[in-house]
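Q: So I've got this file, data_34.pdb, and it contains PDB, C-alpha atoms:
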```pdb
ATOM      1  CA  MET A 906     -16.906 -66.033  34.955
ATOM      2  CA  LYS A 907     -17.127 -66.197  31.174
ATOM      3  CA  VAL A 908     -14.092 -67.446  29.271
ATOM      4  CA  PHE A 909     -14.320 -66.826  25.530
ATOM      5  CA  ILE A 910     -12.201 -69.256  23.485
ATOM      6  CA  LEU A 911     -11.479 -67.666  20.101
ATOM      7  CA  CYS A 912     -11.493 -70.325  17.389
ATOM      8  CA  GLY A 913     -12.018 -68.459  14.121
ATOM      9  CA  GLY A 914      -9.910 -68.710  11.006
ATOM     10  CA  TYR A 915      -7.899 -71.078   8.831
ATOM     11  CA  TYR A 916      -4.125 -70.950   8.396
ATOM     12  CA  ARG A 917      -1.709 -71.781   5.610
ATOM     13  CA  ASN A 918      -0.215 -74.771   7.426
ATOM     14  CA  PHE A 919      -3.569 -76.328   8.336
ATOM     15  CA  ASN A 920      -6.559 -77.440   6.279
ATOM     16  CA  TYR A 921      -8.858 -77.350   9.320
ATOM     17  CA  PRO A 922      -9.438 -74.928  12.239
ATOM     18  CA  LYS A 923      -6.295 -74.948  14.369
ATOM     19  CA  ALA A 924      -8.303 -75.240  17.574
ATOM     20  CA  LEU A 925      -9.202 -78.800  16.514
ATOM     21  CA  THR A 926      -5.532 -79.831  16.329
ATOM     22  CA  LYS A 927      -5.036 -82.935  18.463
ATOM     23  CA  ILE A 928      -2.258 -83.300  21.031
ATOM     24  CA  ASN A 929      -2.154 -86.795  22.511
ATOM     25  CA  GLU A 930      -5.516 -87.520  20.828
ATOM     26  CA  GLU A 931      -7.261 -84.517  22.427
ATOM     27  CA  ALA A 932      -8.244 -81.406  20.454
ATOM     28  CA  LEU A 933      -6.780 -78.155  21.767
ATOM     29  CA  VAL A 934     -10.208 -76.614  22.350
ATOM     30  CA  ASP A 935     -11.378 -79.737  24.205
ATOM     31  CA  ARG A 936      -8.305 -79.623  26.431
ATOM     32  CA  THR A 937      -8.882 -75.961  27.260
ATOM     33  CA  ILE A 938     -12.541 -76.600  28.115
ATOM     34  CA  ARG A 939     -11.585 -79.608  30.259
ATOM     35  CA  LEU A 940      -9.008 -77.606  32.240
ATOM     36  CA  LEU A 941     -11.444 -74.726  32.719
ATOM     37  CA  SER A 942     -14.055 -77.151  34.063
ATOM     38  CA  MET A 943     -11.978 -77.417  37.244
ATOM     39  CA  TYR A 944     -12.839 -73.793  38.034
ATOM     40  CA  GLU A 945     -15.965 -71.662  38.289
ATOM     41  CA  ALA A 946     -15.787 -70.740  34.634
ATOM     42  CA  GLU A 947     -18.193 -70.807  31.705
ATOM     43  CA  PRO A 948     -16.208 -71.666  28.542
ATOM     44  CA  ILE A 949     -17.772 -70.251  25.364
ATOM     45  CA  VAL A 950     -16.339 -71.133  21.956
ATOM     46  CA  CYS A 951     -16.356 -68.205  19.512
ATOM     47  CA  CYS A 952     -16.206 -68.645  15.746
ATOM     48  CA  ASN A 953     -17.496 -67.144  12.515
ATOM     49  CA  PRO A 954     -21.184 -67.625  11.631
ATOM     50  CA  GLU A 955     -20.337 -69.791   8.612
ATOM     51  CA  GLU A 956     -18.073 -72.131  10.615
ATOM     52  CA  THR A 957     -19.713 -75.522  11.264
ATOM     53  CA  ALA A 958     -16.816 -77.428  12.849
ATOM     54  CA  PHE A 959     -17.742 -76.208  16.339
ATOM     55  CA  ASP A 960     -21.492 -76.782  16.194
ATOM     56  CA  ASP A 961     -21.397 -79.252  19.104
ATOM     57  CA  TYR A 962     -19.835 -76.740  21.527
ATOM     58  CA  HIS A 963     -21.333 -74.064  23.776
ATOM     59  CA  LEU A 964     -21.068 -71.505  21.022
ATOM     60  CA  PHE A 965     -21.176 -67.802  20.293
ATOM     61  CA  ARG A 966     -21.050 -66.900  16.616
ATOM     62  CA  ALA A 967     -19.288 -63.612  15.936
ATOM     63  CA  LYS A 968     -18.281 -62.123  12.609
ATOM     64  CA  PHE A 969     -14.509 -61.646  12.524
ATOM     65  CA  THR A 970     -13.375 -59.453   9.643
ATOM     66  CA  PHE A 971      -9.720 -60.497   9.865
ATOM     67  CA  ASP A 972      -8.563 -62.915   7.134
ATOM     68  CA  TYR A 973      -5.566 -64.891   8.404
ATOM     69  CA  LEU A 974      -4.640 -66.193   4.992
ATOM     70  CA  ASN A 975      -4.642 -62.843   3.196
ATOM     71  CA  GLN A 976      -3.808 -60.670   6.227
ATOM     72  CA  THR A 977      -6.724 -58.309   5.590
ATOM     73  CA  GLY A 978      -9.343 -56.774   7.842
ATOM     74  CA  TYR A 979      -9.145 -56.043  11.556
ATOM     75  CA  TYR A 980      -7.432 -58.606  13.768
ATOM     76  CA  LEU A 981      -8.897 -56.849  16.814
ATOM     77  CA  ASP A 982     -12.415 -57.720  15.670
ATOM     78  CA  ALA A 983     -11.764 -61.102  17.240
ATOM     79  CA  PHE A 984     -12.311 -59.329  20.578
ATOM     80  CA  ASP A 985     -14.650 -56.556  19.516
ATOM     81  CA  ALA A 986     -17.200 -58.945  18.003
ATOM     82  CA  VAL A 987     -17.825 -60.592  21.393
ATOM     83  CA  PRO A 988     -20.107 -58.385  23.528
ATOM     84  CA  CYS A 989     -19.581 -58.745  27.270
ATOM     85  CA  GLU A 990     -20.079 -55.956  29.820
ATOM     86  CA  ASP A 991     -18.754 -57.937  32.794
ATOM     87  CA  PRO A 992     -15.140 -58.907  33.560
ATOM     88  CA  HIS A 993     -14.147 -61.921  31.478
ATOM     89  CA  ILE A 994     -11.240 -63.776  29.895
ATOM     90  CA  PHE A 995     -10.207 -64.312  26.285
ATOM     91  CA  LEU A 996      -8.169 -67.430  25.506
ATOM     92  CA  PHE A 997      -6.961 -68.464  22.069
ATOM     93  CA  GLY A 998      -8.311 -71.750  20.786
ATOM     94  CA  ASP A 999      -5.102 -72.733  18.996
ATOM     95  CA  VAL A1000      -2.963 -72.760  22.156
ATOM     96  CA  TYR A1001      -1.858 -75.792  24.137
ATOM     97  CA  TYR A1002      -2.344 -74.675  27.763
ATOM     98  CA  THR A1003      -0.782 -76.549  30.662
ATOM     99  CA  GLU A1004      -2.731 -77.129  33.867
ATOM    100  CA  ASP A1005      -0.407 -74.700  35.660
ATOM    101  CA  ALA A1006      -1.054 -72.035  33.006
ATOM    102  CA  ILE A1007      -4.838 -72.254  33.401
ATOM    103  CA  SER A1008      -4.428 -72.154  37.182
ATOM    104  CA  LYS A1009      -2.234 -69.060  36.915
ATOM    105  CA  ILE A1010      -4.725 -67.377  34.584
ATOM    106  CA  MET A1011      -7.642 -68.096  36.928
ATOM    107  CA  ASP A1012      -5.683 -66.801  39.935
ATOM    108  CA  GLY A1013      -4.688 -63.731  37.924
ATOM    109  CA  PHE A1014      -8.308 -62.993  37.085
ATOM    110  CA  HIS A1015      -9.254 -62.927  40.766
ATOM    111  CA  SER A1016      -6.204 -60.990  41.952
ATOM    112  CA  THR A1017      -6.179 -58.059  39.499
ATOM    113  CA  ASP A1018      -8.451 -55.141  38.737
ATOM    114  CA  ARG A1019      -6.718 -54.317  35.428
ATOM    115  CA  ASN A1020      -6.732 -55.515  31.844
ATOM    116  CA  ILE A1021      -3.817 -57.941  31.634
ATOM    117  CA  PHE A1022      -2.099 -59.402  28.559
ATOM    118  CA  ILE A1023      -1.335 -63.141  28.851
ATOM    119  CA  CYS A1024       1.855 -64.209  27.066
ATOM    120  CA  ASN A1025       5.144 -66.029  27.481
ATOM    121  CA  ARG A1026       8.635 -64.603  27.610
ATOM    122  CA  TYR A1027      10.333 -66.439  24.758
ATOM    123  CA  PRO A1028       8.735 -68.084  21.736
ATOM    124  CA  PHE A1029       9.270 -71.683  20.652
ATOM    125  CA  ASN A1030       9.103 -70.465  17.055
ATOM    126  CA  PRO A1031      12.259 -68.430  16.238
ATOM    127  CA  GLN A1032      10.351 -66.611  13.468
ATOM    128  CA  HIS A1033       7.891 -65.215  15.995
ATOM    129  CA  LEU A1034       8.206 -61.743  17.490
ATOM    130  CA  ARG A1035      10.780 -61.468  20.239
ATOM    131  CA  GLN A1036       8.214 -60.442  22.848
ATOM    132  CA  GLY A1037       6.885 -63.967  23.055
ATOM    133  CA  GLU A1038       3.684 -65.761  22.156
ATOM    134  CA  PRO A1039       0.264 -64.254  22.977
ATOM    135  CA  PHE A1040      -2.086 -66.545  24.897
ATOM    136  CA  GLY A1041      -5.046 -64.327  25.746
ATOM    137  CA  TRP A1042      -6.378 -61.472  27.862
ATOM    138  CA  ILE A1043      -7.834 -60.947  31.299
ATOM    139  CA  VAL A1044     -10.435 -58.204  30.827
ATOM    140  CA  LYS A1045     -11.437 -56.585  34.104
ATOM    141  CA  ASP A1046     -12.338 -53.199  32.576
ATOM    142  CA  PRO A1047     -14.381 -53.975  29.432
ATOM    143  CA  GLU A1048     -14.958 -50.286  28.655
ATOM    144  CA  GLU A1049     -11.214 -49.537  28.570
ATOM    145  CA  PHE A1050     -10.615 -52.683  26.531
ATOM    146  CA  ARG A1051     -13.167 -51.679  23.878
ATOM    147  CA  TRP A1052     -11.767 -48.160  23.765
ATOM    148  CA  ALA A1053      -8.253 -49.518  23.151
ATOM    149  CA  ILE A1054      -9.566 -51.748  20.338
ATOM    150  CA  LYS A1055     -11.232 -48.778  18.606
ATOM    151  CA  LEU A1056      -8.018 -46.776  18.907
ATOM    152  CA  GLY A1057      -6.018 -49.686  17.478
ATOM    153  CA  LYS A1058      -8.308 -49.844  14.458
ATOM    154  CA  ARG A1059      -7.963 -46.104  13.969
ATOM    155  CA  PHE A1060      -4.170 -46.413  14.041
ATOM    156  CA  GLN A1061      -4.380 -49.169  11.431
ATOM    157  CA  ASP A1062      -6.626 -47.069   9.176
ATOM    158  CA  ARG A1063      -4.139 -44.194   9.357
ATOM    159  CA  GLY A1064      -1.171 -46.456   8.591
ATOM    160  CA  LEU A1065       0.522 -45.678  11.909
ATOM    161  CA  ILE A1066       1.386 -49.260  12.840
ATOM    162  CA  ASP A1067       4.452 -50.879  11.254
ATOM    163  CA  HIS A1068       4.256 -54.212  13.021
ATOM    164  CA  ALA A1069       2.864 -57.495  11.593
ATOM    165  CA  ARG A1070       2.319 -56.227   8.058
ATOM    166  CA  GLY A1071       0.247 -53.324   9.340
ATOM    167  CA  ILE A1072      -2.257 -55.480  11.202
ATOM    168  CA  PRO A1073      -2.812 -54.381  14.831
ATOM    169  CA  SER A1074      -2.213 -57.335  17.133
ATOM    170  CA  ASN A1075      -2.092 -58.166  20.807
ATOM    171  CA  TRP A1076       1.160 -56.292  21.306
ATOM    172  CA  GLU A1077      -0.264 -53.079  19.906
ATOM    173  CA  LEU A1078      -3.354 -53.527  22.084
ATOM    174  CA  TYR A1079      -1.070 -54.033  25.094
ATOM    175  CA  HIS A1080       0.873 -50.860  24.222
ATOM    176  CA  ILE A1081      -2.308 -48.794  23.808
ATOM    177  CA  ILE A1082      -3.810 -49.969  27.112
ATOM    178  CA  ASN A1083      -0.581 -49.168  28.953
ATOM    179  CA  GLY A1084      -0.001 -45.787  27.287
ATOM    180  CA  MET A1085       3.026 -46.812  25.231
ATOM    181  CA  GLY A1086       3.979 -46.122  21.623
ATOM    182  CA  VAL A1087       2.462 -48.847  19.462
ATOM    183  CA  ASN A1088       5.729 -49.643  17.675
ATOM    184  CA  GLU A1089       7.997 -49.733  20.729
ATOM    185  CA  PHE A1090       7.985 -53.559  21.111
ATOM    186  CA  ASN A1091       8.253 -53.445  24.893
ATOM    187  CA  LEU A1092       6.660 -55.668  27.492
ATOM    188  CA  SER A1093       6.695 -55.212  31.255
ATOM    189  CA  GLU A1094       6.069 -58.160  33.569
ATOM    190  CA  ASP A1095       4.181 -55.755  35.827
ATOM    191  CA  ASP A1096       1.575 -55.356  33.074
ATOM    192  CA  CYS A1097       1.510 -58.936  31.770
ATOM    193  CA  LEU A1098       0.685 -62.370  33.063
ATOM    194  CA  VAL A1099       3.777 -64.264  31.942
ATOM    195  CA  ILE A1100       3.420 -68.017  31.347
ATOM    196  CA  ASP A1101       6.766 -69.808  31.159
ATOM    197  CA  ASP A1102       6.103 -73.522  30.717
ATOM    198  CA  LEU A1103       5.015 -75.872  27.917
ATOM    199  CA  THR A1104       2.099 -73.623  26.959
ATOM    200  CA  ILE A1105       2.486 -72.835  23.262
ATOM    201  CA  ASP A1106       0.619 -71.477  20.255
ATOM    202  CA  VAL A1107       0.452 -74.297  17.695
ATOM    203  CA  ASP A1108       1.447 -72.327  14.594
ATOM    204  CA  ASP A1109       2.923 -75.240  12.668
ATOM    205  CA  PRO A1110       1.959 -78.943  12.473
ATOM    206  CA  ARG A1111       5.557 -79.796  13.371
ATOM    207  CA  VAL A1112       4.962 -78.284  16.796
ATOM    208  CA  ILE A1113       2.593 -81.174  17.606
ATOM    209  CA  GLU A1114       5.459 -83.667  17.737
ATOM    210  CA  ILE A1115       7.591 -81.250  19.770
ATOM    211  CA  ILE A1116       4.855 -80.850  22.403
ATOM    212  CA  GLU A1117       4.162 -84.573  22.642
ATOM    213  CA  LYS A1118       7.855 -85.331  23.081
ATOM    214  CA  ARG A1119       8.204 -82.690  25.793
ATOM    215  CA  ILE A1120       5.165 -84.046  27.612
ATOM    216  CA  LYS A1121       6.570 -87.561  27.589
ATOM    217  CA  GLY A1122      10.111 -86.405  28.366
TER     218      GLY A1122
END
```
Show this structure as structure tokens.

A:
Amino acid sequence: MKVFILCGGYYRNFNYPKALTKINEEALVDRTIRLLSMYEAEPIVCCNPEETAFDDYHLFRAKFTFDYLNQTGYYLDAFDAVPCEDPHIFLFGDVYYTEDAISKIMDGFHSTDRNIFICNRYPFNPQHLRQGEPFGWIVKDPEEFRWAIKLGKRFQDRGLIDHARGIPSNWELYHIINGMGVNEFNLSEDDCLVIDDLTIDVDDPRVIEIIEKRIKG
């Protein structure tokens, strides 16, 4: 089972790739790889060709056209640039995953025959969208997944998506795959793998202290 860990891009609040953020002295990407090593999984770090920070990892270099800083290009290229014809998993490199979350994701991969969005119910960050944080995808039907990505890009080109400054994101991809209007902002637990624990997208350096306190507490 291939698990692609997406680690491309720099962000305004960080002067280094977010996947290298350390929680309790361990980089997020290292933690994810360590937790995946307990299962029959092949973790593959994905980043842009010009990125050198991940040279020591089992690496796949893919050109992502999305610019996080300027909000230009296609966000969905983060998935589309990684060719895989077999069922696989996408996880985001800038997420702190708990052991229970990885276990739930692995169990979900084996128990479903559908493409499943991995997210939580409520965000830690009150500025985030009310659907919750995105954590990744279980891709059991790669052909459907690629088709949904192409449709999402077409919607963006035609200016049909209002959400996230016009950039198609995981929610729009979820809506397309499940036959919903892209701007409806709905999630169904029947179509998602919901993670409700300390798993969190590290969007802000201040989140590091919050996580470490919650771990110790």

Q: Between CA of Glu956 in chain A and CA of Asp1106 in chain A, measure the distance and give it in Å to one decimal.

A: 21.0 Å

Q: List the neighbours of Pro948 in chain A out to 9 Å using only C-alpha atoms; skip same-chain residues closer than 6 positions along the sequence, and give me the result as a list in words.

A: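 So, after excluding close chain neighbours, the residues are Met906, Lys907, Val908, Phe909, Ile910, Thr937, Ile938, Leu941, Ser942, His963 and Leu964 of chain A.
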
Q: Point out the residue among A:Glu931, A:Phe1022, A:Gly1057, A:Tyr962 with the least atom-to-atom distance to Gly1086 in chain A, counting all atoms listed in the file.

A: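 Smallest distance to Gly1086 in chain A is found for A:Gly1057.
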
Q: With only C-alpha atoms as the basis for distance, which of A:Glu1049, A:Asp960, A:Glu955, A:Asp1096 is at the shortest distance from Cys1024 in chain A?

A: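 Looking at the shortest contact to Cys1024 in chain A, the residue is A:Asp1096.
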
Q: If I take CA of Lys923 in chain A and CA of Ile1007 in chain A, how far is one from the other in Å, to one decimal?

A: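 Between CA of Lys923 in chain A and CA of Ile1007 in chain A the gap works out to 19.3 Å.
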
Q: If you apply the PyMOL selection byres ((chain A and resi 1095) around 12) to this file, what residues do you get, as a ChimeraX atom specification?

A: /A:1017,1019-1023,1083,1091-1094,1096-1099

Q: Counting only C-alpha atoms, which residue out of A:Phe965, A:Tyr980, A:Tyr1002, A:Trp1042 sits closest to Leu1103 in chain A?

A: A:Tyr1002

Q: Tell me, in Å to one decimal, how far CA of Glu945 in chain A is from CA of Met1011 in chain A.

A: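 A separation of 9.2 Å between them.
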
Q: Kindly compute an axis-aligned box around the listed atoms of range 1103-1118 of chain A, allowing 5 Å on each side, and express its centre and edge lengths in Å to one decimal as JSON.

A:
```
{"center_x": 4.2, "center_y": -78.4, "center_z": 20.2, "size_x": 17.4, "size_y": 23.9, "size_z": 25.4}
```

Q: Would you write out, as a ChimeraX atom specification, every residue that the PyMOL selection byres ((chain A and resi 1056) around 12) captures in this file?

A: /A:979,981,985,1049-1055,1057-1063,1065-1066,1073,1077-1082,1084,1087

Q: Give me, as a list in words, all polymer residues having an atom no more than 10 Å from Glu1114 in chain A, counting all atoms listed in the file and skipping those fewer than 6 positions away in the same chain.

A: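 Once the adjacent positions are removed, what remains is Ile928, Asn929 and Ile1120 of chain A.
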
Q: Select, from A:Ser1008, A:Gly1041, A:Asn1025, A:Thr957, the residue with the minimum atom-to-atom distance to Leu911 in chain A, counting all atoms listed in the file.

A: A:Gly1041

Q: Kindly indicate which residue among A:Ile949, A:Ala986, A:Leu933, A:Ile1113 lies nearest to Asp999 in chain A, using all atoms listed in the file for the distances.

A: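 Of all the options, A:Leu933 lies closest to Asp999 in chain A.
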
Q: Under the rule that only C-alpha atoms are counted, which of A:Pro1047, A:His1015, A:Glu1004, A:Arg1119 is the nearest residue to Ile1100 in chain A?

A: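 Of A:Pro1047, A:His1015, A:Glu1004, A:Arg1119, the one nearest Ile1100 in chain A is A:Glu1004, counting only C-alpha atoms.
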
Q: For Phe969 in chain A, find every residue with an atom within 7 Å (counting all atoms listed in the file), except residues of its own chain fewer than 5 positions away, and show them as a list in words.

A: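 Once the adjacent positions are removed, what remains is Asn953, Asp982, Ala983 and Ala986 of chain A.
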